[in-house]
$ cat query.pdb   # PDB, C-alpha atoms, pLDDT in the B column
ATOM      1  CA  MET A   1     134.528 244.471 -49.540  1.00 74.00           C
ATOM      2  CA  ARG A   2     138.002 245.938 -49.082  1.00 77.00           C
ATOM      3  CA  ASN A   3     139.530 242.993 -50.961  1.00 75.00           C
ATOM      4  CA  VAL A   4     137.066 243.491 -53.812  1.00 81.00           C
ATOM      5  CA  LEU A   5     137.929 247.175 -54.142  1.00 82.00           C
ATOM      6  CA  THR A   6     141.657 246.412 -53.940  1.00 83.00           C
ATOM      7  CA  ILE A   7     141.421 243.863 -56.754  1.00 80.00           C
ATOM      8  CA  ALA A   8     139.167 246.224 -58.739  1.00 83.00           C
ATOM      9  CA  GLY A   9     141.734 249.021 -58.435  1.00 85.00           C
ATOM     10  CA  ARG A  10     144.541 246.662 -59.465  1.00 82.00           C
ATOM     11  CA  GLU A  11     142.488 245.490 -62.457  1.00 81.00           C
ATOM     12  CA  LEU A  12     141.628 249.021 -63.504  1.00 84.00           C
ATOM     13  CA  ARG A  13     145.288 250.070 -63.322  1.00 84.00           C
ATOM     14  CA  SER A  14     146.333 247.053 -65.388  1.00 82.00           C
ATOM     15  CA  ILE A  15     143.736 247.935 -68.022  1.00 83.00           C
ATOM     16  CA  PHE A  16     145.023 251.501 -68.388  1.00 83.00           C
ATOM     17  CA  VAL A  17     148.637 250.313 -68.431  1.00 82.00           C
ATOM     18  CA  SER A  18     147.834 248.205 -71.487  1.00 80.00           C
ATOM     19  CA  PRO A  19     147.685 250.019 -74.859  1.00 85.00           C
ATOM     20  CA  ILE A  20     144.650 247.889 -75.734  1.00 83.00           C
ATOM     21  CA  ALA A  21     142.521 250.026 -73.399  1.00 85.00           C
ATOM     22  CA  TYR A  22     143.350 253.228 -75.250  1.00 88.00           C
ATOM     23  CA  VAL A  23     142.893 251.609 -78.653  1.00 89.00           C
ATOM     24  CA  VAL A  24     139.495 250.208 -77.641  1.00 89.00           C
ATOM     25  CA  MET A  25     138.302 253.474 -76.093  1.00 90.00           C
ATOM     26  CA  THR A  26     139.529 255.565 -79.022  1.00 91.00           C
ATOM     27  CA  GLY A  27     137.977 253.189 -81.548  1.00 91.00           C
ATOM     28  CA  PHE A  28     134.671 253.152 -79.673  1.00 92.00           C
ATOM     29  CA  LEU A  29     134.461 256.946 -79.508  1.00 92.00           C
ATOM     30  CA  LEU A  30     135.571 257.415 -83.123  1.00 92.00           C
ATOM     31  CA  LEU A  31     132.969 254.978 -84.394  1.00 92.00           C
ATOM     32  CA  GLY A  32     130.331 256.484 -82.121  1.00 91.00           C
ATOM     33  CA  GLY A  33     131.146 259.975 -83.398  1.00 90.00           C
ATOM     34  CA  TRP A  34     131.028 258.800 -86.996  1.00 93.00           C
ATOM     35  CA  PHE A  35     127.650 257.111 -86.482  1.00 91.00           C
ATOM     36  CA  PHE A  36     126.270 260.192 -84.720  1.00 90.00           C
ATOM     37  CA  PHE A  37     127.495 262.561 -87.441  1.00 90.00           C
ATOM     38  CA  ASN A  38     125.973 260.495 -90.249  1.00 90.00           C
ATOM     39  CA  LEU A  39     122.665 259.877 -88.452  1.00 88.00           C
ATOM     40  CA  LEU A  40     122.347 263.563 -87.622  1.00 86.00           C
ATOM     41  CA  ALA A  41     123.179 264.541 -91.204  1.00 84.00           C
ATOM     42  CA  ARG A  42     120.522 262.113 -92.478  1.00 84.00           C
ATOM     43  CA  PHE A  43     117.987 263.555 -90.027  1.00 79.00           C
ATOM     44  CA  ASN A  44     118.753 267.120 -91.158  1.00 79.00           C
ATOM     45  CA  LEU A  45     118.376 266.015 -94.781  1.00 79.00           C
ATOM     46  CA  LEU A  46     114.936 264.560 -94.038  1.00 74.00           C
ATOM     47  CA  VAL A  47     113.897 267.761 -92.260  1.00 70.00           C
ATOM     48  CA  SER A  48     114.981 269.916 -95.189  1.00 74.00           C
ATOM     49  CA  MET A  49     113.234 267.613 -97.688  1.00 72.00           C
ATOM     50  CA  TYR A  50     109.935 267.587 -95.814  1.00 63.00           C
ATOM     51  CA  SER A  51     110.028 271.347 -95.232  1.00 65.00           C
ATOM     52  CA  SER A  52     110.192 271.909 -98.996  1.00 64.00           C
ATOM     53  CA  PHE A  53     107.097 269.782 -99.686  1.00 59.00           C
ATOM     54  CA  GLN A  54     103.566 271.095 -99.586  1.00 53.00           C
ATOM     55  CA  GLY A  55     102.046 269.957 -96.338  1.00 52.00           C
ATOM     56  CA  GLY A  56     105.498 269.103 -95.060  1.00 50.00           C
ATOM     57  CA  ALA A  57     104.761 270.611 -91.657  1.00 51.00           C
ATOM     58  CA  GLU A  58     102.612 267.615 -90.730  1.00 53.00           C
ATOM     59  CA  ALA A  59     105.263 265.179 -91.956  1.00 50.00           C
ATOM     60  CA  MET A  60     107.956 266.997 -89.998  1.00 51.00           C
ATOM     61  CA  GLN A  61     106.001 266.462 -86.806  1.00 55.00           C
ATOM     62  CA  ARG A  62     106.540 262.738 -87.271  1.00 60.00           C
ATOM     63  CA  LEU A  63     110.308 263.219 -87.432  1.00 66.00           C
ATOM     64  CA  ASN A  64     111.560 262.413 -83.956  1.00 71.00           C
ATOM     65  CA  VAL A  65     115.230 262.909 -83.099  1.00 74.00           C
ATOM     66  CA  ASN A  66     115.099 260.008 -80.642  1.00 73.00           C
ATOM     67  CA  GLU A  67     113.774 257.631 -83.285  1.00 79.00           C
ATOM     68  CA  PHE A  68     115.932 258.763 -86.192  1.00 79.00           C
ATOM     69  CA  VAL A  69     119.209 259.568 -84.412  1.00 84.00           C
ATOM     70  CA  LEU A  70     119.519 258.186 -80.885  1.00 86.00           C
ATOM     71  CA  ALA A  71     117.852 254.789 -81.371  1.00 87.00           C
ATOM     72  CA  PRO A  72     120.011 253.815 -84.399  1.00 90.00           C
ATOM     73  CA  LEU A  73     123.050 255.212 -82.577  1.00 91.00           C
ATOM     74  CA  PHE A  74     122.427 252.981 -79.543  1.00 92.00           C
ATOM     75  CA  HIS A  75     121.932 249.912 -81.738  1.00 91.00           C
ATOM     76  CA  ASN A  76     125.135 250.641 -83.671  1.00 92.00           C
ATOM     77  CA  LEU A  77     127.080 251.145 -80.450  1.00 93.00           C
ATOM     78  CA  SER A  78     125.758 247.851 -79.107  1.00 92.00           C
ATOM     79  CA  VAL A  79     127.218 246.046 -82.131  1.00 92.00           C
ATOM     80  CA  VAL A  80     130.554 247.802 -81.581  1.00 93.00           C
ATOM     81  CA  LEU A  81     130.514 246.668 -77.934  1.00 93.00           C
ATOM     82  CA  VAL A  82     130.056 243.061 -79.073  1.00 92.00           C
ATOM     83  CA  ILE A  83     133.394 243.324 -80.866  1.00 92.00           C
ATOM     84  CA  LEU A  84     135.353 245.502 -78.433  1.00 91.00           C
ATOM     85  CA  ILE A  85     134.420 244.188 -74.993  1.00 92.00           C
ATOM     86  CA  PRO A  86     136.029 240.743 -75.544  1.00 90.00           C
ATOM     87  CA  MET A  87     139.275 242.609 -76.252  1.00 89.00           C
ATOM     88  CA  ILE A  88     139.116 244.069 -72.746  1.00 88.00           C
ATOM     89  CA  THR A  89     137.860 241.026 -70.856  1.00 87.00           C
ATOM     90  CA  MET A  90     140.221 238.557 -72.535  1.00 85.00           C
ATOM     91  CA  ARG A  91     142.989 239.680 -70.168  1.00 80.00           C
ATOM     92  CA  GLY A  92     140.923 239.088 -67.021  1.00 76.00           C
ATOM     93  CA  PHE A  93     142.059 235.589 -66.064  1.00 76.00           C
ATOM     94  CA  ALA A  94     143.945 234.462 -69.169  1.00 75.00           C
ATOM     95  CA  GLU A  95     146.696 237.017 -68.527  1.00 72.00           C
ATOM     96  CA  GLU A  96     147.014 235.869 -64.901  1.00 68.00           C
ATOM     97  CA  LYS A  97     147.439 232.272 -66.076  1.00 70.00           C
ATOM     98  CA  ARG A  98     149.967 233.193 -68.757  1.00 67.00           C
ATOM     99  CA  ALA A  99     152.037 235.331 -66.390  1.00 62.00           C
ATOM    100  CA  GLY A 100     152.049 232.628 -63.711  1.00 59.00           C
ATOM    101  CA  THR A 101     150.305 234.808 -61.094  1.00 62.00           C
ATOM    102  CA  TYR A 102     147.029 232.884 -61.198  1.00 59.00           C
ATOM    103  CA  GLU A 103     148.055 230.285 -58.615  1.00 59.00           C
ATOM    104  CA  LEU A 104     149.500 233.031 -56.419  1.00 59.00           C
ATOM    105  CA  LEU A 105     146.195 234.870 -56.577  1.00 61.00           C
ATOM    106  CA  LEU A 106     144.208 231.751 -55.702  1.00 61.00           C
ATOM    107  CA  THR A 107     146.454 230.884 -52.741  1.00 64.00           C
ATOM    108  CA  SER A 108     146.175 234.385 -51.274  1.00 65.00           C
ATOM    109  CA  PRO A 109     143.784 234.916 -48.321  1.00 69.00           C
ATOM    110  CA  VAL A 110     141.033 236.098 -50.665  1.00 73.00           C
ATOM    111  CA  ALA A 111     137.846 234.234 -51.546  1.00 78.00           C
ATOM    112  CA  THR A 112     137.308 233.335 -55.188  1.00 80.00           C
ATOM    113  CA  TRP A 113     134.090 235.351 -55.302  1.00 83.00           C
ATOM    114  CA  GLU A 114     136.092 238.401 -54.194  1.00 82.00           C
ATOM    115  CA  ILE A 115     138.576 237.819 -57.015  1.00 82.00           C
ATOM    116  CA  VAL A 116     135.810 237.495 -59.599  1.00 85.00           C
ATOM    117  CA  LEU A 117     133.831 240.430 -58.245  1.00 89.00           C
ATOM    118  CA  GLY A 118     136.939 242.602 -58.022  1.00 88.00           C
ATOM    119  CA  LYS A 119     137.892 241.989 -61.652  1.00 88.00           C
ATOM    120  CA  PHE A 120     134.265 242.516 -62.640  1.00 91.00           C
ATOM    121  CA  VAL A 121     134.056 245.871 -60.834  1.00 91.00           C
ATOM    122  CA  GLY A 122     137.339 247.054 -62.368  1.00 90.00           C
ATOM    123  CA  MET A 123     136.246 246.215 -65.902  1.00 91.00           C
ATOM    124  CA  VAL A 124     132.764 247.644 -65.397  1.00 92.00           C
ATOM    125  CA  ALA A 125     134.350 250.899 -64.208  1.00 92.00           C
ATOM    126  CA  PHE A 126     136.350 251.105 -67.444  1.00 91.00           C
ATOM    127  CA  ILE A 127     133.357 250.234 -69.640  1.00 92.00           C
ATOM    128  CA  SER A 128     131.196 252.742 -67.745  1.00 92.00           C
ATOM    129  CA  VAL A 129     133.700 255.483 -68.582  1.00 91.00           C
ATOM    130  CA  MET A 130     133.470 254.505 -72.251  1.00 91.00           C
ATOM    131  CA  VAL A 131     129.664 254.620 -72.234  1.00 91.00           C
ATOM    132  CA  ALA A 132     129.599 257.854 -70.211  1.00 92.00           C
ATOM    133  CA  LEU A 133     131.836 259.599 -72.751  1.00 91.00           C
ATOM    134  CA  THR A 134     129.245 258.945 -75.469  1.00 90.00           C
ATOM    135  CA  SER A 135     126.743 261.038 -73.494  1.00 88.00           C
ATOM    136  CA  ILE A 136     128.284 264.022 -75.280  1.00 89.00           C
ATOM    137  CA  TYR A 137     126.102 263.077 -78.270  1.00 87.00           C
ATOM    138  CA  GLY A 138     122.953 263.290 -76.162  1.00 83.00           C
ATOM    139  CA  LEU A 139     124.165 266.577 -74.670  1.00 86.00           C
ATOM    140  CA  ILE A 140     124.634 268.035 -78.143  1.00 85.00           C
ATOM    141  CA  LEU A 141     121.084 267.038 -79.095  1.00 83.00           C
ATOM    142  CA  TRP A 142     119.736 268.455 -75.836  1.00 83.00           C
ATOM    143  CA  ILE A 143     121.456 271.815 -76.424  1.00 81.00           C
ATOM    144  CA  TYR A 144     120.649 272.218 -80.110  1.00 77.00           C
ATOM    145  CA  GLY A 145     117.575 270.016 -80.512  1.00 73.00           C
ATOM    146  CA  ASN A 146     114.548 268.819 -78.619  1.00 76.00           C
ATOM    147  CA  PRO A 147     115.028 265.142 -77.696  1.00 77.00           C
ATOM    148  CA  GLU A 148     112.832 263.336 -75.191  1.00 80.00           C
ATOM    149  CA  VAL A 149     115.140 263.177 -72.190  1.00 82.00           C
ATOM    150  CA  GLY A 150     113.346 260.224 -70.575  1.00 85.00           C
ATOM    151  CA  ILE A 151     113.781 258.048 -73.660  1.00 85.00           C
ATOM    152  CA  MET A 152     117.410 259.150 -73.961  1.00 87.00           C
ATOM    153  CA  VAL A 153     118.150 258.214 -70.331  1.00 89.00           C
ATOM    154  CA  SER A 154     116.409 254.860 -70.815  1.00 90.00           C
ATOM    155  CA  GLY A 155     118.553 254.193 -73.886  1.00 90.00           C
ATOM    156  CA  TYR A 156     121.764 254.922 -72.009  1.00 92.00           C
ATOM    157  CA  LEU A 157     120.595 252.687 -69.163  1.00 92.00           C
ATOM    158  CA  GLY A 158     120.016 249.910 -71.683  1.00 92.00           C
ATOM    159  CA  LEU A 159     123.443 250.433 -73.254  1.00 93.00           C
ATOM    160  CA  LEU A 160     125.127 250.303 -69.840  1.00 94.00           C
ATOM    161  CA  LEU A 161     123.262 247.153 -68.759  1.00 94.00           C
ATOM    162  CA  LEU A 162     124.106 245.562 -72.099  1.00 94.00           C
ATOM    163  CA  ALA A 163     127.796 246.416 -71.685  1.00 94.00           C
ATOM    164  CA  ILE A 164     127.895 245.048 -68.123  1.00 95.00           C
ATOM    165  CA  THR A 165     126.275 241.811 -69.288  1.00 94.00           C
ATOM    166  CA  PHE A 166     128.885 241.520 -72.037  1.00 94.00           C
ATOM    167  CA  VAL A 167     131.653 242.031 -69.452  1.00 94.00           C
ATOM    168  CA  THR A 168     130.407 239.093 -67.358  1.00 94.00           C
ATOM    169  CA  ILE A 169     130.280 236.824 -70.412  1.00 94.00           C
ATOM    170  CA  GLY A 170     133.754 237.917 -71.491  1.00 92.00           C
ATOM    171  CA  LEU A 171     135.112 237.267 -67.994  1.00 91.00           C
ATOM    172  CA  PHE A 172     133.660 233.763 -68.056  1.00 91.00           C
ATOM    173  CA  ALA A 173     135.326 233.105 -71.420  1.00 90.00           C
ATOM    174  CA  SER A 174     138.631 234.380 -70.025  1.00 87.00           C
ATOM    175  CA  SER A 175     138.385 232.037 -67.032  1.00 85.00           C
ATOM    176  CA  LEU A 176     138.307 229.003 -69.334  1.00 84.00           C
ATOM    177  CA  THR A 177     141.714 229.414 -70.957  1.00 82.00           C
ATOM    178  CA  GLU A 178     145.170 230.929 -70.586  1.00 80.00           C
ATOM    179  CA  ASN A 179     145.274 232.066 -74.214  1.00 84.00           C
ATOM    180  CA  GLN A 180     143.974 235.611 -74.619  1.00 85.00           C
ATOM    181  CA  ILE A 181     143.120 235.159 -78.306  1.00 88.00           C
ATOM    182  CA  ILE A 182     141.035 232.076 -77.547  1.00 90.00           C
ATOM    183  CA  ALA A 183     139.333 233.968 -74.705  1.00 88.00           C
ATOM    184  CA  ALA A 184     138.517 236.890 -77.016  1.00 89.00           C
ATOM    185  CA  VAL A 185     137.168 234.659 -79.805  1.00 92.00           C
ATOM    186  CA  THR A 186     135.138 232.567 -77.353  1.00 91.00           C
ATOM    187  CA  GLY A 187     133.634 235.698 -75.808  1.00 91.00           C
ATOM    188  CA  LEU A 188     132.883 237.160 -79.233  1.00 92.00           C
ATOM    189  CA  VAL A 189     131.110 233.986 -80.393  1.00 92.00           C
ATOM    190  CA  MET A 190     129.020 233.841 -77.216  1.00 91.00           C
ATOM    191  CA  LEU A 191     128.005 237.484 -77.550  1.00 92.00           C
ATOM    192  CA  LEU A 192     127.133 237.095 -81.222  1.00 91.00           C
ATOM    193  CA  LEU A 193     125.014 234.069 -80.373  1.00 90.00           C
ATOM    194  CA  LEU A 194     123.040 236.098 -77.824  1.00 88.00           C
ATOM    195  CA  PHE A 195     122.626 238.777 -80.475  1.00 86.00           C
ATOM    196  CA  VAL A 196     121.210 236.545 -83.210  1.00 85.00           C
ATOM    197  CA  ILE A 197     119.488 233.815 -81.207  1.00 85.00           C
ATOM    198  CA  ALA A 198     116.046 235.348 -81.792  1.00 80.00           C
ATOM    199  CA  TRP A 199     116.341 235.413 -85.590  1.00 80.00           C
ATOM    200  CA  PRO A 200     114.474 232.100 -86.159  1.00 78.00           C
ATOM    201  CA  ALA A 201     111.859 232.941 -83.481  1.00 74.00           C
ATOM    202  CA  ASP A 202     109.076 233.736 -85.965  1.00 73.00           C
ATOM    203  CA  SER A 203     109.335 230.320 -87.622  1.00 76.00           C
ATOM    204  CA  ALA A 204     110.097 228.263 -84.520  1.00 73.00           C
ATOM    205  CA  GLY A 205     106.588 228.075 -83.087  1.00 73.00           C
ATOM    206  CA  LYS A 206     105.010 230.099 -80.308  1.00 77.00           C
ATOM    207  CA  VAL A 207     106.609 228.427 -77.267  1.00 83.00           C
ATOM    208  CA  VAL A 208     110.104 228.084 -78.708  1.00 81.00           C
ATOM    209  CA  GLY A 209     109.844 231.525 -80.300  1.00 80.00           C
ATOM    210  CA  ASP A 210     108.930 233.158 -76.995  1.00 81.00           C
ATOM    211  CA  VAL A 211     111.859 231.435 -75.298  1.00 85.00           C
ATOM    212  CA  LEU A 212     114.284 232.580 -77.999  1.00 84.00           C
ATOM    213  CA  ARG A 213     113.009 236.155 -77.769  1.00 84.00           C
ATOM    214  CA  TYR A 214     113.374 236.190 -74.005  1.00 86.00           C
ATOM    215  CA  VAL A 215     116.913 234.793 -74.147  1.00 86.00           C
ATOM    216  CA  SER A 216     117.909 237.280 -76.849  1.00 86.00           C
ATOM    217  CA  VAL A 217     119.703 240.289 -75.419  1.00 89.00           C
ATOM    218  CA  THR A 218     118.624 242.506 -78.322  1.00 88.00           C
ATOM    219  CA  GLU A 219     114.912 242.077 -77.571  1.00 87.00           C
ATOM    220  CA  HIS A 220     115.277 243.540 -74.074  1.00 88.00           C
ATOM    221  CA  PHE A 221     117.760 246.180 -75.195  1.00 90.00           C
ATOM    222  CA  ALA A 222     115.420 247.356 -77.961  1.00 88.00           C
ATOM    223  CA  GLY A 223     112.660 247.974 -75.425  1.00 88.00           C
ATOM    224  CA  LEU A 224     114.902 250.170 -73.282  1.00 90.00           C
ATOM    225  CA  VAL A 225     116.046 252.102 -76.359  1.00 89.00           C
ATOM    226  CA  LYS A 226     112.377 252.880 -77.073  1.00 87.00           C
ATOM    227  CA  GLY A 227     111.994 254.245 -73.562  1.00 84.00           C
ATOM    228  CA  VAL A 228     110.156 251.233 -72.129  1.00 83.00           C
ATOM    229  CA  ILE A 229     111.767 250.421 -68.772  1.00 83.00           C
ATOM    230  CA  ASP A 230     110.092 247.057 -68.241  1.00 84.00           C
ATOM    231  CA  SER A 231     110.695 245.098 -65.050  1.00 87.00           C
ATOM    232  CA  LYS A 232     111.006 241.960 -67.189  1.00 88.00           C
ATOM    233  CA  SER A 233     113.976 243.456 -69.043  1.00 88.00           C
ATOM    234  CA  LEU A 234     115.620 244.665 -65.827  1.00 91.00           C
ATOM    235  CA  VAL A 235     115.218 241.215 -64.269  1.00 92.00           C
ATOM    236  CA  TYR A 236     116.664 239.667 -67.428  1.00 92.00           C
ATOM    237  CA  PHE A 237     119.819 241.779 -67.348  1.00 93.00           C
ATOM    238  CA  LEU A 238     120.327 241.383 -63.587  1.00 94.00           C
ATOM    239  CA  THR A 239     119.802 237.624 -63.877  1.00 93.00           C
ATOM    240  CA  MET A 240     122.271 237.381 -66.753  1.00 93.00           C
ATOM    241  CA  ILE A 241     124.880 239.381 -64.835  1.00 94.00           C
ATOM    242  CA  ALA A 242     124.465 237.331 -61.653  1.00 94.00           C
ATOM    243  CA  GLY A 243     124.331 234.035 -63.578  1.00 93.00           C
ATOM    244  CA  TRP A 244     127.493 234.601 -65.581  1.00 92.00           C
ATOM    245  CA  LEU A 245     129.336 235.858 -62.504  1.00 92.00           C
ATOM    246  CA  PHE A 246     128.335 232.658 -60.698  1.00 92.00           C
ATOM    247  CA  LEU A 247     129.584 230.514 -63.591  1.00 91.00           C
ATOM    248  CA  THR A 248     132.845 232.461 -63.639  1.00 89.00           C
ATOM    249  CA  GLN A 249     133.286 231.943 -59.910  1.00 86.00           C
ATOM    250  CA  ARG A 250     132.701 228.196 -60.312  1.00 87.00           C
ATOM    251  CA  SER A 251     135.185 228.096 -63.204  1.00 83.00           C
ATOM    252  CA  VAL A 252     137.836 229.843 -61.106  1.00 80.00           C
ATOM    253  CA  GLU A 253     137.048 227.687 -58.081  1.00 78.00           C
ATOM    254  CA  SER A 254     137.433 224.512 -60.141  1.00 75.00           C
ATOM    255  CA  ILE A 255     141.194 225.175 -60.388  1.00 66.00           C
ATOM    256  CA  ARG A 256     141.483 224.361 -56.688  1.00 59.00           C
ATOM    257  CA  TRP A 257     139.873 220.973 -57.287  1.00 57.00           C
ATOM    258  CA  ARG A 258     142.558 219.899 -59.764  1.00 54.00           C
TER
END
$ encode --input "query.pdb" --output "structure tokens"
Amino acid sequence: MRNVLTIAGRELRSIFVSPIAYVVMTGFLLLGGWFFFNLLARFNLLVSMYSSFQGGAEAMQRLNVNEFVLAPLFHNLSVVLVILIPMITMRGFAEEKRAGTYELLLTSPVATWEIVLGKFVGMVAFISVMVALTSIYGLILWIYGNPEVGIMVSGYLGLLLLAITFVTIGLFASSLTENQIIAAVTGLVMLLLLFVIAWPADSAGKVVGDVLRYVSVTEHFAGLVKGVIDSKSLVYFLTMIAGWLFLTQRSVESIRWR
């Protein structure tokens, strides 16, 4: 475990040394703030419109800040993560290969699973900071509004699990090549595929449709955003994380076979 934490600390330091980290974090928070501002302004507009109508009190009761502000915000942030996370994970192994330190790392007295897990922990720590900083939006709603805290916590849990899953996929893409651009594009394509794979589910038949919906990351994420913490969704995310970490470890280990 000490080796894992050492590699995680080294990875985290290398992320913050790179200007990409600050660009990604700043872009994520700026976009998140812009989404939150516009969604909140739209919600306030709806409240003012309904309050001016006769019988608007009943309509206003159907206006839920979680449904009209937080849920769209989480979905928008998830799309932003699809684009930004490959920019962070592309350095994971591709940079080691380009700099010529990959072989040195593999020949050190550290198991390959410790290398993979260490890089994973370092990147997850960075992504967790990014997600945690967006909690300011929920805090603002909690102070000035009346959101359902349980649904809000479930949404943030879903966003964090989604981000961690994206990190594992991006790490796997980075382990396949020494070119960071190729790693980023490969990771982006894989994440987009997981995002849209359920689109033809309604016309694909019941069995195939159910499989596509289960594989789709958005189906499970949407449930958590609604406040439904289903064991099936938790198992899905944990299985995806473990599965992609295993594939990454096998990809890294395959270098020793060559």
$ closest_residue --input "query.pdb" --among "A:Val252, A:Val131, A:Val235, A:Val17" --to "A:Ser78" --atoms "all atoms listed in the file"
A:Val131
$ resolve_selection --input "query.pdb" --expression "the PyMOL selection byres ((chain A and resi 173-182) around 12)" --output "number ranges by chain"
A: 85-102, 112, 115-116, 119-120, 166-172, 183-191, 244-255
$ resolve_selection --input "query.pdb" --expression "the PyMOL selection byres ((chain A and resi 201) around 12)" --output "PyMOL selection string"
chain A and resi 196-200+202-216+219
$ resolve_selection --input "query.pdb" --expression "the PyMOL selection byres ((chain A and resi 28) around 8)" --output "VMD selection string"
chain A and resid 24 to 27 29 to 32 77 80 to 81 84 130
$ residues_around --input "query.pdb" --residues "stretch 5-10 of chain A" --least-positions-apart "5" --cutoff "10 Å" --atoms "only C-alpha atoms" --output "MDAnalysis selection string"
chainID A and resid 15 110 114:125
$ decode --input "query.pdb" --residues "stretch 10-16 of chain A" --atoms "all heavy atoms" --output "PDB file, in the first residue's frame"
ATOM      1  N   ARG A  10       3.181  10.995  -6.404  1.00  0.00           N
ATOM      2  CA  ARG A  10       4.015  11.423  -7.547  1.00  0.00           C
ATOM      3  C   ARG A  10       3.118  11.821  -8.721  1.00  0.00           C
ATOM      4  O   ARG A  10       3.383  12.834  -9.389  1.00  0.00           O
ATOM      5  CB  ARG A  10       4.934  10.277  -7.948  1.00  0.00           C
ATOM      6  CG  ARG A  10       5.722  10.488  -9.229  1.00  0.00           C
ATOM      7  CD  ARG A  10       6.621   9.295  -9.505  1.00  0.00           C
ATOM      8  NE  ARG A  10       7.269   9.391 -10.799  1.00  0.00           N
ATOM      9  CZ  ARG A  10       6.762   8.906 -11.930  1.00  0.00           C
ATOM     10  NH1 ARG A  10       5.572   8.314 -11.918  1.00  0.00           N
ATOM     11  NH2 ARG A  10       7.419   9.022 -13.075  1.00  0.00           N
ATOM     12  N   GLU A  11       2.060  11.045  -8.957  1.00  0.00           N
ATOM     13  CA  GLU A  11       1.150  11.344 -10.063  1.00  0.00           C
ATOM     14  C   GLU A  11       0.401  12.645  -9.819  1.00  0.00           C
ATOM     15  O   GLU A  11       0.222  13.461 -10.730  1.00  0.00           O
ATOM     16  CB  GLU A  11       0.152  10.193 -10.235  1.00  0.00           C
ATOM     17  CG  GLU A  11      -0.736  10.304 -11.455  1.00  0.00           C
ATOM     18  CD  GLU A  11       0.040  10.206 -12.753  1.00  0.00           C
ATOM     19  OE1 GLU A  11       1.098   9.553 -12.774  1.00  0.00           O
ATOM     20  OE2 GLU A  11      -0.426  10.790 -13.751  1.00  0.00           O
ATOM     21  N   LEU A  12      -0.038  12.840  -8.585  1.00  0.00           N
ATOM     22  CA  LEU A  12      -0.779  14.049  -8.254  1.00  0.00           C
ATOM     23  C   LEU A  12       0.101  15.285  -8.403  1.00  0.00           C
ATOM     24  O   LEU A  12      -0.338  16.329  -8.910  1.00  0.00           O
ATOM     25  CB  LEU A  12      -1.321  13.951  -6.827  1.00  0.00           C
ATOM     26  CG  LEU A  12      -2.386  14.965  -6.405  1.00  0.00           C
ATOM     27  CD1 LEU A  12      -3.586  14.914  -7.340  1.00  0.00           C
ATOM     28  CD2 LEU A  12      -2.819  14.724  -4.970  1.00  0.00           C
ATOM     29  N   ARG A  13       1.369  15.167  -7.977  1.00  0.00           N
ATOM     30  CA  ARG A  13       2.297  16.297  -8.137  1.00  0.00           C
ATOM     31  C   ARG A  13       2.552  16.596  -9.607  1.00  0.00           C
ATOM     32  O   ARG A  13       2.610  17.767 -10.011  1.00  0.00           O
ATOM     33  CB  ARG A  13       3.620  15.992  -7.421  1.00  0.00           C
ATOM     34  CG  ARG A  13       3.552  16.097  -5.904  1.00  0.00           C
ATOM     35  CD  ARG A  13       4.948  16.068  -5.286  1.00  0.00           C
ATOM     36  NE  ARG A  13       5.633  14.806  -5.569  1.00  0.00           N
ATOM     37  CZ  ARG A  13       5.541  13.724  -4.805  1.00  0.00           C
ATOM     38  NH1 ARG A  13       4.775  13.747  -3.719  1.00  0.00           N
ATOM     39  NH2 ARG A  13       6.202  12.624  -5.115  1.00  0.00           N
ATOM     40  N   SER A  14       2.681  15.535 -10.416  1.00  0.00           N
ATOM     41  CA  SER A  14       2.927  15.756 -11.848  1.00  0.00           C
ATOM     42  C   SER A  14       1.726  16.392 -12.533  1.00  0.00           C
ATOM     43  O   SER A  14       1.877  17.171 -13.484  1.00  0.00           O
ATOM     44  CB  SER A  14       3.274  14.425 -12.529  1.00  0.00           C
ATOM     45  OG  SER A  14       2.155  13.567 -12.580  1.00  0.00           O
ATOM     46  N   ILE A  15       0.521  16.088 -12.044  1.00  0.00           N
ATOM     47  CA  ILE A  15      -0.677  16.697 -12.615  1.00  0.00           C
ATOM     48  C   ILE A  15      -0.693  18.195 -12.338  1.00  0.00           C
ATOM     49  O   ILE A  15      -0.956  19.022 -13.220  1.00  0.00           O
ATOM     50  CB  ILE A  15      -1.949  16.030 -12.050  1.00  0.00           C
ATOM     51  CG1 ILE A  15      -2.095  14.608 -12.593  1.00  0.00           C
ATOM     52  CG2 ILE A  15      -3.192  16.841 -12.407  1.00  0.00           C
ATOM     53  CD1 ILE A  15      -3.240  13.827 -11.988  1.00  0.00           C
ATOM     54  N   PHE A  16      -0.382  18.583 -11.088  1.00  0.00           N
ATOM     55  CA  PHE A  16      -0.432  19.993 -10.721  1.00  0.00           C
ATOM     56  C   PHE A  16       0.755  20.776 -11.270  1.00  0.00           C
ATOM     57  O   PHE A  16       0.695  22.007 -11.375  1.00  0.00           O
ATOM     58  CB  PHE A  16      -0.515  20.133  -9.201  1.00  0.00           C
ATOM     59  CG  PHE A  16      -1.904  19.936  -8.671  1.00  0.00           C
ATOM     60  CD1 PHE A  16      -2.249  18.779  -7.982  1.00  0.00           C
ATOM     61  CD2 PHE A  16      -2.876  20.901  -8.859  1.00  0.00           C
ATOM     62  CE1 PHE A  16      -3.527  18.597  -7.493  1.00  0.00           C
ATOM     63  CE2 PHE A  16      -4.165  20.730  -8.376  1.00  0.00           C
ATOM     64  CZ  PHE A  16      -4.496  19.575  -7.695  1.00  0.00           C
TER      65      PHE A  16
END
